[in-house]
$ cat query.json   # JSON, N, CA, C and O atoms
[["chain", "number", "residue", "atom", "x", "y", "z"],
["A", 22, "MET", "N", 9.50, 14.99, 14.02],
["A", 22, "MET", "CA", 10.80, 15.08, 13.38],
["A", 22, "MET", "C", 11.20, 16.54, 13.36],
["A", 22, "MET", "O", 10.56, 17.37, 12.75],
["A", 23, "GLU", "N", 12.25, 16.86, 14.03],
["A", 23, "GLU", "CA", 12.73, 18.24, 14.04],
["A", 23, "GLU", "C", 14.24, 18.23, 14.03],
["A", 23, "GLU", "O", 14.88, 17.45, 14.72],
["A", 24, "ARG", "N", 14.80, 19.09, 13.19],
["A", 24, "ARG", "CA", 16.25, 19.23, 13.08],
["A", 24, "ARG", "C", 16.94, 17.96, 12.62],
["A", 24, "ARG", "O", 18.08, 17.70, 12.96],
["A", 25, "CYS", "N", 16.25, 17.13, 11.85],
["A", 25, "CYS", "CA", 16.85, 15.92, 11.28],
["A", 25, "CYS", "C", 17.27, 16.27, 9.85],
["A", 25, "CYS", "O", 16.62, 15.86, 8.89],
["A", 26, "ASN", "N", 18.33, 17.02, 9.70],
["A", 26, "ASN", "CA", 18.66, 17.56, 8.40],
["A", 26, "ASN", "C", 19.64, 16.72, 7.59],
["A", 26, "ASN", "O", 20.10, 17.16, 6.56],
["A", 27, "ARG", "N", 19.95, 15.54, 8.02],
["A", 27, "ARG", "CA", 20.89, 14.70, 7.27],
["A", 27, "ARG", "C", 20.26, 13.37, 6.85],
["A", 27, "ARG", "O", 20.95, 12.41, 6.61],
["A", 28, "LEU", "N", 18.94, 13.35, 6.77],
["A", 28, "LEU", "CA", 18.24, 12.13, 6.38],
["A", 28, "LEU", "C", 18.00, 12.15, 4.87],
["A", 28, "LEU", "O", 17.24, 12.96, 4.37],
["A", 29, "PRO", "N", 18.61, 11.23, 4.12],
["A", 29, "PRO", "CA", 18.42, 11.24, 2.67],
["A", 29, "PRO", "C", 17.10, 10.60, 2.24],
["A", 29, "PRO", "O", 16.56, 10.95, 1.19],
["A", 30, "ASN", "N", 16.57, 9.68, 3.04],
["A", 30, "ASN", "CA", 15.34, 8.97, 2.69],
["A", 30, "ASN", "C", 14.45, 8.88, 3.92],
["A", 30, "ASN", "O", 14.91, 8.50, 4.98],
["A", 31, "ILE", "N", 13.18, 9.22, 3.72],
["A", 31, "ILE", "CA", 12.24, 9.16, 4.84],
["A", 31, "ILE", "C", 11.00, 8.39, 4.40],
["A", 31, "ILE", "O", 10.46, 8.64, 3.33],
["A", 32, "LYS", "N", 10.58, 7.44, 5.25],
["A", 32, "LYS", "CA", 9.30, 6.74, 5.05],
["A", 32, "LYS", "C", 8.35, 7.19, 6.14],
["A", 32, "LYS", "O", 8.67, 7.10, 7.32],
["A", 33, "LEU", "N", 7.20, 7.68, 5.71],
["A", 33, "LEU", "CA", 6.20, 8.16, 6.66],
["A", 33, "LEU", "C", 5.09, 7.13, 6.79],
["A", 33, "LEU", "O", 4.55, 6.67, 5.78],
["A", 34, "PRO", "N", 4.73, 6.74, 8.01],
["A", 34, "PRO", "CA", 3.77, 5.66, 8.23],
["A", 34, "PRO", "C", 2.35, 6.01, 7.78],
["A", 34, "PRO", "O", 2.00, 7.19, 7.66],
["A", 35, "ASP", "N", 1.56, 4.98, 7.55],
["A", 35, "ASP", "CA", 0.17, 5.20, 7.12],
["A", 35, "ASP", "C", -0.68, 5.83, 8.21],
["A", 35, "ASP", "O", -1.74, 6.37, 7.95],
["A", 36, "SER", "N", -0.21, 5.82, 9.44],
["A", 36, "SER", "CA", -0.94, 6.43, 10.55],
["A", 36, "SER", "C", -0.71, 7.94, 10.65],
["A", 36, "SER", "O", -1.39, 8.62, 11.42],
["A", 37, "LEU", "N", 0.22, 8.48, 9.87],
["A", 37, "LEU", "CA", 0.53, 9.90, 9.93],
["A", 37, "LEU", "C", -0.64, 10.73, 9.41],
["A", 37, "LEU", "O", -1.15, 10.49, 8.32],
["A", 38, "THR", "N", -1.06, 11.72, 10.19],
["A", 38, "THR", "CA", -2.19, 12.56, 9.78],
["A", 38, "THR", "C", -1.81, 14.02, 9.62],
["A", 38, "THR", "O", -2.55, 14.79, 9.02],
["A", 39, "TYR", "N", -0.66, 14.44, 10.15],
["A", 39, "TYR", "CA", -0.27, 15.85, 10.09],
["A", 39, "TYR", "C", 1.24, 15.98, 10.02],
["A", 39, "TYR", "O", 1.96, 15.27, 10.72],
["A", 40, "ILE", "N", 1.70, 16.91, 9.19],
["A", 40, "ILE", "CA", 3.12, 17.25, 9.13],
["A", 40, "ILE", "C", 3.22, 18.75, 9.37],
["A", 40, "ILE", "O", 2.55, 19.53, 8.71],
["A", 41, "GLY", "N", 4.05, 19.16, 10.29],
["A", 41, "GLY", "CA", 4.15, 20.56, 10.67],
["A", 41, "GLY", "C", 4.91, 21.43, 9.68],
["A", 41, "GLY", "O", 5.60, 20.95, 8.78],
["A", 42, "GLU", "N", 4.79, 22.71, 9.88],
["A", 42, "GLU", "CA", 5.43, 23.73, 9.06],
["A", 42, "GLU", "C", 6.95, 23.54, 9.06],
["A", 42, "GLU", "O", 7.55, 23.33, 10.11],
["A", 43, "GLY", "N", 7.56, 23.59, 7.91],
["A", 43, "GLY", "CA", 9.01, 23.52, 7.79],
["A", 43, "GLY", "C", 9.62, 22.16, 8.05],
["A", 43, "GLY", "O", 10.82, 22.05, 8.27],
["A", 44, "ALA", "N", 8.83, 21.11, 8.01],
["A", 44, "ALA", "CA", 9.34, 19.77, 8.33],
["A", 44, "ALA", "C", 10.46, 19.31, 7.40],
["A", 44, "ALA", "O", 11.33, 18.55, 7.80],
["A", 45, "PHE", "N", 10.44, 19.78, 6.17],
["A", 45, "PHE", "CA", 11.42, 19.32, 5.19],
["A", 45, "PHE", "C", 12.40, 20.41, 4.79],
["A", 45, "PHE", "O", 13.07, 20.34, 3.77],
["A", 46, "TRP", "N", 12.50, 21.44, 5.61],
["A", 46, "TRP", "CA", 13.39, 22.55, 5.31],
["A", 46, "TRP", "C", 14.83, 22.19, 5.67],
["A", 46, "TRP", "O", 15.08, 21.55, 6.67],
["A", 47, "ASP", "N", 15.77, 22.57, 4.82],
["A", 47, "ASP", "CA", 17.19, 22.40, 5.10],
["A", 47, "ASP", "C", 17.56, 20.93, 5.31],
["A", 47, "ASP", "O", 18.12, 20.54, 6.31],
["A", 48, "THR", "N", 17.20, 20.11, 4.33],
["A", 48, "THR", "CA", 17.53, 18.69, 4.41],
["A", 48, "THR", "C", 18.38, 18.28, 3.23],
["A", 48, "THR", "O", 18.60, 19.05, 2.30],
["A", 49, "THR", "N", 18.84, 17.06, 3.26],
["A", 49, "THR", "CA", 19.52, 16.46, 2.11],
["A", 49, "THR", "C", 18.62, 15.38, 1.53],
["A", 49, "THR", "O", 19.09, 14.38, 1.00],
["A", 50, "LEU", "N", 17.35, 15.57, 1.63],
["A", 50, "LEU", "CA", 16.34, 14.59, 1.29],
["A", 50, "LEU", "C", 16.37, 14.23, -0.20],
["A", 50, "LEU", "O", 16.26, 15.10, -1.05],
["A", 51, "LYS", "N", 16.51, 12.96, -0.50],
["A", 51, "LYS", "CA", 16.49, 12.46, -1.87],
["A", 51, "LYS", "C", 15.17, 11.78, -2.20],
["A", 51, "LYS", "O", 14.70, 11.87, -3.32],
["A", 52, "SER", "N", 14.61, 11.08, -1.22],
["A", 52, "SER", "CA", 13.31, 10.43, -1.46],
["A", 52, "SER", "C", 12.46, 10.50, -0.21],
["A", 52, "SER", "O", 12.95, 10.49, 0.91],
["A", 53, "LEU", "N", 11.16, 10.59, -0.47],
["A", 53, "LEU", "CA", 10.16, 10.66, 0.58],
["A", 53, "LEU", "C", 9.09, 9.65, 0.22],
["A", 53, "LEU", "O", 8.62, 9.64, -0.92],
["A", 54, "THR", "N", 8.72, 8.80, 1.16],
["A", 54, "THR", "CA", 7.71, 7.76, 0.90],
["A", 54, "THR", "C", 6.55, 7.93, 1.86],
["A", 54, "THR", "O", 6.74, 7.94, 3.08],
["A", 55, "PHE", "N", 5.36, 8.07, 1.29],
["A", 55, "PHE", "CA", 4.12, 8.13, 2.07],
["A", 55, "PHE", "C", 3.46, 6.76, 1.98],
["A", 55, "PHE", "O", 3.09, 6.32, 0.90],
["A", 56, "LEU", "N", 3.32, 6.09, 3.12],
["A", 56, "LEU", "CA", 2.73, 4.75, 3.13],
["A", 56, "LEU", "C", 1.22, 4.77, 3.28],
["A", 56, "LEU", "O", 0.59, 3.72, 3.23],
["A", 57, "GLY", "N", 0.63, 5.95, 3.45],
["A", 57, "GLY", "CA", -0.81, 6.07, 3.60],
["A", 57, "GLY", "C", -1.35, 7.22, 2.77],
["A", 57, "GLY", "O", -0.69, 7.72, 1.86],
["A", 58, "ASP", "N", -2.55, 7.66, 3.12],
["A", 58, "ASP", "CA", -3.18, 8.78, 2.44],
["A", 58, "ASP", "C", -2.42, 10.07, 2.74],
["A", 58, "ASP", "O", -1.67, 10.15, 3.70],
["A", 59, "VAL", "N", -2.65, 11.07, 1.91],
["A", 59, "VAL", "CA", -1.97, 12.35, 2.09],
["A", 59, "VAL", "C", -2.34, 12.93, 3.46],
["A", 59, "VAL", "O", -3.50, 12.98, 3.84],
["A", 60, "PRO", "N", -1.32, 13.31, 4.25],
["A", 60, "PRO", "CA", -1.61, 13.90, 5.56],
["A", 60, "PRO", "C", -1.93, 15.39, 5.40],
["A", 60, "PRO", "O", -1.69, 15.98, 4.35],
["A", 61, "GLU", "N", -2.46, 15.99, 6.45],
["A", 61, "GLU", "CA", -2.63, 17.43, 6.47],
["A", 61, "GLU", "C", -1.24, 18.04, 6.56],
["A", 61, "GLU", "O", -0.43, 17.65, 7.40],
["A", 62, "ILE", "N", -0.97, 18.96, 5.65],
["A", 62, "ILE", "CA", 0.35, 19.57, 5.61],
["A", 62, "ILE", "C", 0.23, 20.99, 5.08],
["A", 62, "ILE", "O", -0.44, 21.21, 4.07],
["A", 63, "PRO", "N", 0.83, 21.96, 5.75],
["A", 63, "PRO", "CA", 0.79, 23.32, 5.23],
["A", 63, "PRO", "C", 1.47, 23.35, 3.85],
["A", 63, "PRO", "O", 2.51, 22.70, 3.67],
["A", 64, "PRO", "N", 0.91, 24.05, 2.88],
["A", 64, "PRO", "CA", 1.49, 24.06, 1.53],
["A", 64, "PRO", "C", 2.96, 24.46, 1.50],
["A", 64, "PRO", "O", 3.73, 23.94, 0.71],
["A", 65, "THR", "N", 3.36, 25.36, 2.38],
["A", 65, "THR", "CA", 4.76, 25.80, 2.37],
["A", 65, "THR", "C", 5.71, 24.74, 2.92],
["A", 65, "THR", "O", 6.89, 24.76, 2.61],
["A", 66, "SER", "N", 5.22, 23.82, 3.70],
["A", 66, "SER", "CA", 6.09, 22.81, 4.28],
["A", 66, "SER", "C", 6.73, 21.95, 3.20],
["A", 66, "SER", "O", 7.94, 21.75, 3.17],
["A", 67, "LEU", "N", 5.93, 21.43, 2.31],
["A", 67, "LEU", "CA", 6.47, 20.65, 1.19],
["A", 67, "LEU", "C", 6.99, 21.58, 0.11],
["A", 67, "LEU", "O", 8.02, 21.33, -0.49],
["A", 68, "GLY", "N", 6.32, 22.68, -0.11],
["A", 68, "GLY", "CA", 6.71, 23.62, -1.15],
["A", 68, "GLY", "C", 8.11, 24.17, -1.00],
["A", 68, "GLY", "O", 8.84, 24.34, -1.97],
["A", 69, "GLU", "N", 8.52, 24.46, 0.23],
["A", 69, "GLU", "CA", 9.87, 24.98, 0.48],
["A", 69, "GLU", "C", 10.92, 23.97, 0.03],
["A", 69, "GLU", "O", 11.90, 24.32, -0.61],
["A", 70, "ALA", "N", 10.72, 22.73, 0.37],
["A", 70, "ALA", "CA", 11.68, 21.69, 0.01],
["A", 70, "ALA", "C", 11.71, 21.47, -1.50],
["A", 70, "ALA", "O", 12.78, 21.38, -2.10],
["A", 71, "VAL", "N", 10.54, 21.40, -2.12],
["A", 71, "VAL", "CA", 10.45, 21.14, -3.55],
["A", 71, "VAL", "C", 11.10, 22.28, -4.33],
["A", 71, "VAL", "O", 11.76, 22.06, -5.35],
["A", 72, "THR", "N", 10.95, 23.50, -3.87],
["A", 72, "THR", "CA", 11.57, 24.65, -4.52],
["A", 72, "THR", "C", 13.09, 24.50, -4.54],
["A", 72, "THR", "O", 13.75, 24.92, -5.48],
["A", 73, "LEU", "N", 13.63, 23.88, -3.53],
["A", 73, "LEU", "CA", 15.09, 23.66, -3.45],
["A", 73, "LEU", "C", 15.52, 22.40, -4.18],
["A", 73, "LEU", "O", 16.68, 22.03, -4.16],
["A", 74, "GLY", "N", 14.59, 21.70, -4.81],
["A", 74, "GLY", "CA", 14.92, 20.47, -5.54],
["A", 74, "GLY", "C", 14.96, 19.24, -4.65],
["A", 74, "GLY", "O", 15.56, 18.24, -5.02],
["A", 75, "GLU", "N", 14.35, 19.31, -3.51],
["A", 75, "GLU", "CA", 14.33, 18.17, -2.60],
["A", 75, "GLU", "C", 12.90, 17.89, -2.20],
["A", 75, "GLU", "O", 12.15, 18.82, -1.93],
["A", 76, "PRO", "N", 12.46, 16.72, -2.13],
["A", 76, "PRO", "CA", 13.15, 15.50, -2.55],
["A", 76, "PRO", "C", 13.11, 15.34, -4.06],
["A", 76, "PRO", "O", 12.29, 15.96, -4.73],
["A", 77, "GLU", "N", 13.97, 14.47, -4.57],
["A", 77, "GLU", "CA", 13.98, 14.20, -6.00],
["A", 77, "GLU", "C", 12.81, 13.29, -6.38],
["A", 77, "GLU", "O", 12.24, 13.44, -7.45],
["A", 78, "THR", "N", 12.48, 12.37, -5.50],
["A", 78, "THR", "CA", 11.41, 11.40, -5.77],
["A", 78, "THR", "C", 10.49, 11.29, -4.57],
["A", 78, "THR", "O", 10.96, 11.23, -3.43],
["A", 79, "ILE", "N", 9.19, 11.27, -4.83],
["A", 79, "ILE", "CA", 8.20, 11.03, -3.79],
["A", 79, "ILE", "C", 7.40, 9.80, -4.18],
["A", 79, "ILE", "O", 6.80, 9.76, -5.26],
["A", 80, "TYR", "N", 7.42, 8.80, -3.32],
["A", 80, "TYR", "CA", 6.65, 7.57, -3.52],
["A", 80, "TYR", "C", 5.37, 7.69, -2.70],
["A", 80, "TYR", "O", 5.41, 8.18, -1.57],
["A", 81, "TYR", "N", 4.27, 7.24, -3.25],
["A", 81, "TYR", "CA", 3.01, 7.29, -2.53],
["A", 81, "TYR", "C", 2.12, 6.14, -2.95],
["A", 81, "TYR", "O", 2.22, 5.63, -4.06],
["A", 82, "CYS", "N", 1.23, 5.73, -2.05],
["A", 82, "CYS", "CA", 0.32, 4.63, -2.37],
["A", 82, "CYS", "C", -1.12, 4.95, -1.96],
["A", 82, "CYS", "O", -2.04, 4.30, -2.41],
["A", 83, "GLY", "N", -1.30, 5.95, -1.13],
["A", 83, "GLY", "CA", -2.63, 6.29, -0.66],
["A", 83, "GLY", "C", -3.35, 7.26, -1.59],
["A", 83, "GLY", "O", -2.93, 7.50, -2.72],
["A", 84, "SER", "N", -4.40, 7.84, -1.08],
["A", 84, "SER", "CA", -5.20, 8.76, -1.89],
["A", 84, "SER", "C", -4.94, 10.21, -1.47],
["A", 84, "SER", "O", -4.37, 10.48, -0.42],
["A", 85, "GLY", "N", -5.37, 11.15, -2.32],
["A", 85, "GLY", "CA", -5.28, 12.56, -2.02],
["A", 85, "GLY", "C", -4.04, 13.25, -2.56],
["A", 85, "GLY", "O", -3.80, 14.42, -2.27],
["A", 86, "PHE", "N", -3.24, 12.56, -3.35],
["A", 86, "PHE", "CA", -1.99, 13.12, -3.84],
["A", 86, "PHE", "C", -2.11, 13.82, -5.19],
["A", 86, "PHE", "O", -1.17, 14.46, -5.64],
["A", 87, "ASP", "N", -3.25, 13.73, -5.86],
["A", 87, "ASP", "CA", -3.41, 14.30, -7.20],
["A", 87, "ASP", "C", -3.06, 15.78, -7.25],
["A", 87, "ASP", "O", -2.39, 16.24, -8.18],
["A", 88, "GLU", "N", -3.52, 16.55, -6.27],
["A", 88, "GLU", "CA", -3.23, 17.99, -6.25],
["A", 88, "GLU", "C", -1.74, 18.24, -6.09],
["A", 88, "GLU", "O", -1.18, 19.14, -6.71],
["A", 89, "TRP", "N", -1.07, 17.47, -5.25],
["A", 89, "TRP", "CA", 0.37, 17.63, -5.06],
["A", 89, "TRP", "C", 1.11, 17.34, -6.35],
["A", 89, "TRP", "O", 2.02, 18.06, -6.73],
["A", 90, "VAL", "N", 0.73, 16.24, -7.01],
["A", 90, "VAL", "CA", 1.38, 15.86, -8.27],
["A", 90, "VAL", "C", 1.23, 16.99, -9.29],
["A", 90, "VAL", "O", 2.18, 17.35, -9.99],
["A", 91, "ALA", "N", 0.05, 17.58, -9.36],
["A", 91, "ALA", "CA", -0.20, 18.67, -10.30],
["A", 91, "ALA", "C", 0.57, 19.94, -9.91],
["A", 91, "ALA", "O", 1.08, 20.65, -10.80],
["A", 92, "ASN", "N", 0.67, 20.24, -8.64],
["A", 92, "ASN", "CA", 1.32, 21.47, -8.18],
["A", 92, "ASN", "C", 2.84, 21.42, -8.18],
["A", 92, "ASN", "O", 3.50, 22.45, -8.18],
["A", 93, "TYR", "N", 3.41, 20.23, -8.13],
["A", 93, "TYR", "CA", 4.87, 20.07, -8.07],
["A", 93, "TYR", "C", 5.35, 19.13, -9.17],
["A", 93, "TYR", "O", 5.83, 18.03, -8.91],
["A", 94, "PRO", "N", 5.26, 19.56, -10.44],
["A", 94, "PRO", "CA", 5.63, 18.68, -11.55],
["A", 94, "PRO", "C", 7.13, 18.41, -11.66],
["A", 94, "PRO", "O", 7.53, 17.50, -12.38],
["A", 95, "ASN", "N", 7.97, 19.19, -10.98],
["A", 95, "ASN", "CA", 9.41, 18.97, -11.06],
["A", 95, "ASN", "C", 9.88, 17.82, -10.17],
["A", 95, "ASN", "O", 11.04, 17.44, -10.21],
["A", 96, "VAL", "N", 8.98, 17.25, -9.39],
["A", 96, "VAL", "CA", 9.30, 16.09, -8.55],
["A", 96, "VAL", "C", 8.94, 14.82, -9.32],
["A", 96, "VAL", "O", 7.95, 14.77, -10.04],
["A", 97, "ASN", "N", 9.76, 13.81, -9.19],
["A", 97, "ASN", "CA", 9.46, 12.50, -9.77],
["A", 97, "ASN", "C", 8.50, 11.78, -8.85],
["A", 97, "ASN", "O", 8.87, 11.30, -7.79],
["A", 98, "TRP", "N", 7.21, 11.75, -9.22],
["A", 98, "TRP", "CA", 6.16, 11.11, -8.42],
["A", 98, "TRP", "C", 6.01, 9.66, -8.86],
["A", 98, "TRP", "O", 5.83, 9.39, -10.04],
["A", 99, "VAL", "N", 6.05, 8.74, -7.91],
["A", 99, "VAL", "CA", 5.93, 7.32, -8.22],
["A", 99, "VAL", "C", 4.81, 6.73, -7.39],
["A", 99, "VAL", "O", 4.92, 6.64, -6.15],
["A", 100, "LYS", "N", 3.73, 6.34, -8.05],
["A", 100, "LYS", "CA", 2.62, 5.69, -7.35],
["A", 100, "LYS", "C", 2.94, 4.22, -7.20],
["A", 100, "LYS", "O", 3.30, 3.56, -8.15],
["A", 101, "GLN", "N", 2.83, 3.73, -5.98],
["A", 101, "GLN", "CA", 3.17, 2.32, -5.71],
["A", 101, "GLN", "C", 1.93, 1.49, -5.57],
["A", 101, "GLN", "O", 0.89, 1.92, -5.23]]

$ encode --input "query.json" --output "structure tokens"
Amino acid sequence: MERCNRLPNIKLPDSLTYIGEGAFWDTTLKSLTFLGDVPEIPPTSLGEAVTLGEPETIYYCGSGFDEWVANYPNVNWVKQ
């Protein structure tokens, strides 16, 4: 996913294992859904977006998200 800056909602498959640097930069992202375990992701990739208030809600069902939930308390985290 590159230069997809007008996607308000993204669902990431359970097969996803890596998200590249800046994947969520400059988006209109309102919700992000992880259908599997936490993928490998550079801290700044998600951090840049969260700093800008995007996404508002992150849905997750897999494992490994505890550190993210603790590090980004301004996001509405919803465990499914």

$ atom_distance --input "query.json" --atom1 "atom C of Pro94 (chain A)" --atom2 "atom O of Glu77 (chain A)"
8.3 Å

$ residues_around --input "query.json" --residues "region 40-54 of chain A" --least-positions-apart "6" --cutoff "5 Å" --atoms "all atoms listed in the file" --output "PyMOL selection string"
chain A and resi 26+28-33+61-63+66+70+75-80

$ axis_aligned_box --input "query.json" --around "region 83-93 of chain A" --padding-each-side "5 Å" --output "lines of an AutoDock Vina configuration file"
center_x = 0.2
center_y = 14.2
center_z = -5.6
size_x = 21.2
size_y = 26.5
size_z = 20.4

$ residues_around --input "query.json" --residues "Leu37 (chain A)" --least-positions-apart "5" --cutoff "6 Å" --atoms "all atoms listed in the file" --output "VMD selection string"
chain A and resid 58 to 61

$ write_last_selection --input "query.json" --atoms "N, CA, C and O atoms" --output "PDB file, keeping the file's coordinate frame"
ATOM      1  N   ASP A  58      -2.550   7.660   3.120  1.00  0.00           N
ATOM      2  CA  ASP A  58      -3.180   8.780   2.440  1.00  0.00           C
ATOM      3  C   ASP A  58      -2.420  10.070   2.740  1.00  0.00           C
ATOM      4  O   ASP A  58      -1.670  10.150   3.700  1.00  0.00           O
ATOM      5  N   VAL A  59      -2.650  11.070   1.910  1.00  0.00           N
ATOM      6  CA  VAL A  59      -1.970  12.350   2.090  1.00  0.00           C
ATOM      7  C   VAL A  59      -2.340  12.930   3.460  1.00  0.00           C
ATOM      8  O   VAL A  59      -3.500  12.980   3.840  1.00  0.00           O
ATOM      9  N   PRO A  60      -1.320  13.310   4.250  1.00  0.00           N
ATOM     10  CA  PRO A  60      -1.610  13.900   5.560  1.00  0.00           C
ATOM     11  C   PRO A  60      -1.930  15.390   5.400  1.00  0.00           C
ATOM     12  O   PRO A  60      -1.690  15.980   4.350  1.00  0.00           O
ATOM     13  N   GLU A  61      -2.460  15.990   6.450  1.00  0.00           N
ATOM     14  CA  GLU A  61      -2.630  17.430   6.470  1.00  0.00           C
ATOM     15  C   GLU A  61      -1.240  18.040   6.560  1.00  0.00           C
ATOM     16  O   GLU A  61      -0.430  17.650   7.400  1.00  0.00           O
TER      17      GLU A  61
END

$ residues_around --input "query.json" --residues "region 82-85 of chain A" --least-positions-apart "2" --cutoff "6 Å" --atoms "all atoms listed in the file" --output "ChimeraX atom specification"
/A:55-59,80,87-89,99-101

$ atom_distance --input "query.json" --atom1 "atom N of Phe86 (chain A)" --atom2 "atom O of Trp98 (chain A)"
11.7 Å

$ select_by_dssp --input "query.json" --residues "chain A" --states "strand (DSSP E or B)" --output "PyMOL selection string"
chain A and resi 30-33+39+52-55+61+78-81+97-100

$ atom_distance --input "query.json" --atom1 "atom N of Ser36 (chain A)" --atom2 "atom N of Asn95 (chain A)"
25.7 Å

$ select_by_dssp --input "query.json" --residues "chain A" --states "alpha helix (DSSP H)" --output "list in words"
Pro64, Thr65, Ser66, Leu67, Gly68, Glu69, Ala70, Val71, Thr72, Asp87, Glu88, Trp89, Val90, Ala91 and Asn92 of chain A

$ decode --input "query.json" --residues "region 49-56 of chain A" --atoms "all heavy atoms" --output "short mmCIF file (atom, residue, chain, number, x, y, z; two decimals), in the first residue's frame"
data_model
loop_
_atom_site.label_atom_id
_atom_site.label_comp_id
_atom_site.auth_asym_id
_atom_site.auth_seq_id
_atom_site.Cartn_x
_atom_site.Cartn_y
_atom_site.Cartn_z
N THR A 49 -6.41 9.91 5.65
CA THR A 49 -7.64 10.34 6.30
C THR A 49 -8.20 9.17 7.10
O THR A 49 -9.40 9.03 7.26
CB THR A 49 -8.67 10.81 5.26
OG1 THR A 49 -8.90 9.75 4.34
CG2 THR A 49 -8.18 12.05 4.52
N LEU A 50 -7.33 8.35 7.60
CA LEU A 50 -7.67 7.10 8.25
C LEU A 50 -8.49 7.31 9.52
O LEU A 50 -8.08 8.03 10.42
CB LEU A 50 -6.38 6.35 8.58
CG LEU A 50 -6.46 4.90 8.97
CD1 LEU A 50 -7.14 4.08 7.88
CD2 LEU A 50 -5.07 4.36 9.22
N LYS A 51 -9.65 6.69 9.58
CA LYS A 51 -10.51 6.75 10.76
C LYS A 51 -10.44 5.47 11.57
O LYS A 51 -10.53 5.49 12.78
CB LYS A 51 -11.96 7.04 10.37
CG LYS A 51 -12.13 8.37 9.68
CD LYS A 51 -11.73 9.51 10.59
CE LYS A 51 -11.86 10.84 9.87
NZ LYS A 51 -11.10 11.89 10.52
N SER A 52 -10.34 4.34 10.87
CA SER A 52 -10.22 3.06 11.59
C SER A 52 -9.26 2.13 10.87
O SER A 52 -9.13 2.16 9.65
CB SER A 52 -11.58 2.39 11.77
OG SER A 52 -12.04 1.84 10.56
N LEU A 53 -8.60 1.33 11.68
CA LEU A 53 -7.63 0.36 11.20
C LEU A 53 -7.96 -0.95 11.89
O LEU A 53 -8.13 -0.97 13.11
CB LEU A 53 -6.23 0.83 11.56
CG LEU A 53 -5.03 0.02 11.12
CD1 LEU A 53 -4.99 -0.11 9.60
CD2 LEU A 53 -3.76 0.68 11.62
N THR A 54 -8.08 -2.02 11.13
CA THR A 54 -8.43 -3.33 11.69
C THR A 54 -7.33 -4.33 11.37
O THR A 54 -6.99 -4.53 10.20
CB THR A 54 -9.77 -3.84 11.12
OG1 THR A 54 -10.78 -2.87 11.40
CG2 THR A 54 -10.15 -5.17 11.73
N PHE A 55 -6.79 -4.94 12.42
CA PHE A 55 -5.81 -6.01 12.29
C PHE A 55 -6.53 -7.33 12.51
O PHE A 55 -7.07 -7.57 13.59
CB PHE A 55 -4.69 -5.86 13.33
CG PHE A 55 -3.79 -4.70 13.08
CD1 PHE A 55 -4.04 -3.47 13.64
CD2 PHE A 55 -2.67 -4.85 12.26
CE1 PHE A 55 -3.19 -2.39 13.42
CE2 PHE A 55 -1.81 -3.77 12.03
CZ PHE A 55 -2.08 -2.54 12.61
N LEU A 56 -6.56 -8.18 11.49
CA LEU A 56 -7.27 -9.45 11.59
C LEU A 56 -6.39 -10.57 12.14
O LEU A 56 -6.88 -11.68 12.35
CB LEU A 56 -7.85 -9.84 10.23
CG LEU A 56 -8.87 -8.84 9.67
CD1 LEU A 56 -9.30 -9.25 8.27
CD2 LEU A 56 -10.07 -8.73 10.59
#
